[in-house]
Amino acid sequence: MNLNGAGGLMLLVVAALWLWVFVPSWVKQSERKQEIRRDKNSIKSEIKNNQTKSLKNYSGVAAKTYRLVLVRRLFSATIVVSIATLALSSYLSTENFLWLFAAAPSFILLIASCWVVFKASQRIDQLSLLALDSKSQIFSKYAATFESDQSSIDSRAWVRTELPEPKQSLATLEQVEVASVEVLETSRVREVDLDEIIRRRRANG
């Protein structure tokens, strides 16, 4: 190759421009990829740590929920027994009023059992909502982190163009206009027209 000519000089200029433009961009792109890889690895390790912590929290929440469910079942059975005792005491009090003294403790036990069941159910709902809220916060936090990383990869990247919305109106009724139909009268030859036609034919003949 003759580098002394104009063609060789142009080739050197093009090669220098190519190296000056593309090599730094490749270096920046590789550095950016390494940085993203490091961020993803750190996020994955943090997710694992949070998962271990959340598993411990979930185990504690599950144990509390299990105990509360047992308490609710026990006092629900107590409610049934209290209602049965109260009904039986009320029935027997018609024969002997002393059975009313047995109905009073049953009524008090019924009220207390209903209150315990209500509080246990309320606490179970609170623990379930707390567990779901903590889990959703963890995943929403890391989802936002991944979205910010993906959006900052390349601002010149191709962005999908959304299709335009249809021009026709949706979910609306259209009033259809029907054309009016008119009946055409049958054509009849009048005597005056017939005489005029015969006269013209005779004149032409």
# chains A, B, ... in the order shown; residues from 1 in each chain; ligands from 1
$ residues_around --residues "Trp99 of chain A" --least-positions-apart "4" --cutoff "9 Å" --atoms "only C-alpha atoms" --output "PyMOL selection string"
chain A and resi 88-95+103
